[in-house]
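To start, the structure under review is shown below, and the notes come after it.
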Amino acid sequence: MESRPVGIICHGGAGKIEEKETYAAGLQEAIEDGYRLLRQGASAVDAVIKAVVIMEDNPVFNAGTGSSL
């Protein structure tokens with residue numbers, strides 16, 4: 001398999017960030033898990049789904065369960 005450079009960026013949303021360290025840790029987890037999948041040869045869609053699920057499951061982010069419009 002040919003090695004190609006890969007990258008991932010996660011955007012945690014908009015609004016005032018109250019818990020900056022917790023917020024940063026959540027983004028870091030999403031980025032690392034998505035990036036790990038890319039490095040293992042997973043599709044970009046699978047990596048994005050993994051990163052989004054991590055952020056949706058994290059109550060710090062206004063996404064998924066408990067989010068507001």
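Please note that chains go A, B, ... in the order of the structure tokens, that every chain numbers its residues from 1, and that ligands are numbered from 1 in the order shown.
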
Spatial neighbours of Leu38 in chain A, max dist 8 Å, only C-alpha atoms, sep filter under 6 positions, as a PDB file with N, CA, C and O atoms, in the first residue's frame:
ATOM      1  N   VAL A   6      -1.775  12.195   5.457  1.00  0.00           N
ATOM      2  CA  VAL A   6      -3.170  12.371   5.860  1.00  0.00           C
ATOM      3  C   VAL A   6      -3.237  13.421   6.957  1.00  0.00           C
ATOM      4  O   VAL A   6      -2.252  13.709   7.632  1.00  0.00           O
ATOM      5  N   GLY A   7      -4.393  13.992   7.122  1.00  0.00           N
ATOM      6  CA  GLY A   7      -4.597  14.980   8.177  1.00  0.00           C
ATOM      7  C   GLY A   7      -6.060  15.025   8.553  1.00  0.00           C
ATOM      8  O   GLY A   7      -6.921  14.548   7.825  1.00  0.00           O
ATOM      9  N   ALA A  44     -11.985   8.208   4.755  1.00  0.00           N
ATOM     10  CA  ALA A  44     -12.184   9.519   5.370  1.00  0.00           C
ATOM     11  C   ALA A  44     -13.545   9.595   6.048  1.00  0.00           C
ATOM     12  O   ALA A  44     -13.676  10.184   7.122  1.00  0.00           O
ATOM     13  N   ALA A  47     -13.359   7.962   9.439  1.00  0.00           N
ATOM     14  CA  ALA A  47     -12.612   8.801  10.386  1.00  0.00           C
ATOM     15  C   ALA A  47     -13.469   9.970  10.864  1.00  0.00           C
ATOM     16  O   ALA A  47     -13.466  10.300  12.058  1.00  0.00           O
TER      17      ALA A  47
END

Applying 9 Å and only C-alpha atoms, which residues near Met55 in chain A remain after dropping the ones on its own chain fewer than 6 positions away? List them as a list in words.
Gly12, Gly26, Leu27, Glu29, Ala30, Phe61, Asn62, Ala63 and Gly64 of chain A

Taking into account only C-alpha atoms, which residue in the set A:Val48, A:Leu37, A:Cys10, A:Val53 is nearest to Tyr23 in chain A?
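Using only C-alpha atoms, the shortest distance to Tyr23 in chain A belongs to A:Cys10.
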
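As for CA of Ala14 in chain A and CA of Asp33 in chain A, they are spaced 22.0 Å apart.
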